Amino acid sequence: MTDTPDTPNRFITIQEHIINEQRHHPAATGGFSWLLSGITLAARIISANVRRAGILDVLGDSGDSNVHGEQQQKLDLLANKTIELCLGYRGNVAMIASEELDQPKVITRGENDEARKYIVVFDPLDGSSNIDVNVSVGTIFSIFQRDPSRSDAADPASEILQPGDQQLAAGYIVYGSSTVLVYTTGEGVHMFTLDPSVGAFLLHSEHIRMPDKGKTYSVNEGNAGSFPEGVQRYLEWCKTEEAGPYSARYIGSLVADFHRTLLKGGIFLYPPTAKSPNGKLRLLYEANPIAFLAEQAGGMATDGRMRIMEKAPKSVHERTPLYVGSRVDMERLQRHLT
Ligand code: P6P
């Protein structure tokens, strides 16, 4: 391991890193670190199950579908339950929302509930339809503080509907050729690789910076006929000699497509389409955490009109168009959209 400025020259576990990070937040209690360690525990369990999916007979459809009418994979449900259990017993999580849960869950054990001050929203296994063909999938999470000013006993979800700028932390785990966890608490973006031989996430690099400009665009061009005209003009430009041309890279798994964009630069687009006129991706537990990471790494994330993290969610499963990537690429796209 080379000792470059942001590559450590010794093994640093994610637990050590989180505690060190916590020192930047004087008001932070150990509770936040304890919560994040619950997520890393869930990530290790999900990773083990994803890696043995074919053997454990957890591939394929569960026979149920989620609130979006999407076929739930067995691993989706397993991942969702794993995160619920790992967070629910941390004692400081007040409520959770998940792509796989029709409604948010209020967590209470009947005592000391006032210590439950965090909200966690997550997509337990994003891209799960790719599992059966061994394509990378991922878990995406976002952490908020409870906001009593939004509290509404009639609708616990009201506290969850916070704009992305209120996020305390966000991150993802990508289950690919290796299992990698990337997170931010607003002090830069940090990446860890799971060493399965010891079951620990070890620091790979700190303060990751997304290249200002990339050479790839990532979009499902099968939908291009119904993209907004400005998007179609931008993608045509990407294919010109003047532009390079750019290379097209699309995995169809948001976490994998974004991970490449974060490390190599470029732009990911999920515009409005005929089938998904408001975009397909969910604002709360997909676009917001990805946008937090992108901005922390020097990139940008918009819905074509405004920053993703300024959007005020109206419902837990609200969808949004998502354009995210390198600053120069995003600025050029924006010129086509206005
Ligand atoms: P499409 C996976 O189903 C997902 O939610 C994201 O991970 C991914 O970016 C997107 O949908 C892919 O959608 O319409 O291109 O198959």
# chains A, B, ... in the order shown; residues from 1 in each chain; ligands from 1
$ residues_near_ligand --ligand "ligand 1" --cutoff "10 Å" --atoms "only C-alpha atoms and all ligand atoms" --output "VMD selection string"
chain A and resid 70 99 123 125 to 130 136 to 140 218 to 223 250 to 258 268 to 270 273 275 to 276 279 to 282 286 322
$ residues_around --residues "range 328-338 of chain A" --least-positions-apart "4" --cutoff "7 Å" --atoms "only C-alpha atoms" --output "PyMOL selection string"
chain A and resi 212-213+230-231+233-234+266-267+300+304
$ atom_distance --atom1 "CA of Ala170 in chain A" --atom2 "CA of Thr40 in chain A"
12.5 Å
$ closest_atom_pairs --of "range 86-136 of chain A" --to "range 142-148 of chain A" --cutoff "6 Å" --atoms "only C-alpha atoms" --output "Markdown table"
| residue | atom | partner | partner_atom | distance |
| --- | --- | --- | --- | --- |
| A:Lys117 | CA | A:Arg146 | CA | 5.4 |
| A:Tyr118 | CA | A:Gln145 | CA | 4.6 |
| A:Ile119 | CA | A:Phe144 | CA | 5.1 |
| A:Val120 | CA | A:Ile143 | CA | 4.7 |
| A:Val121 | CA | A:Ser142 | CA | 5.4 |
$ closest_residue --among "A:Thr240, A:Thr320, A:Ser326, A:Thr184" --to "Gly298 in chain A" --atoms "only C-alpha atoms"
A:Ser326
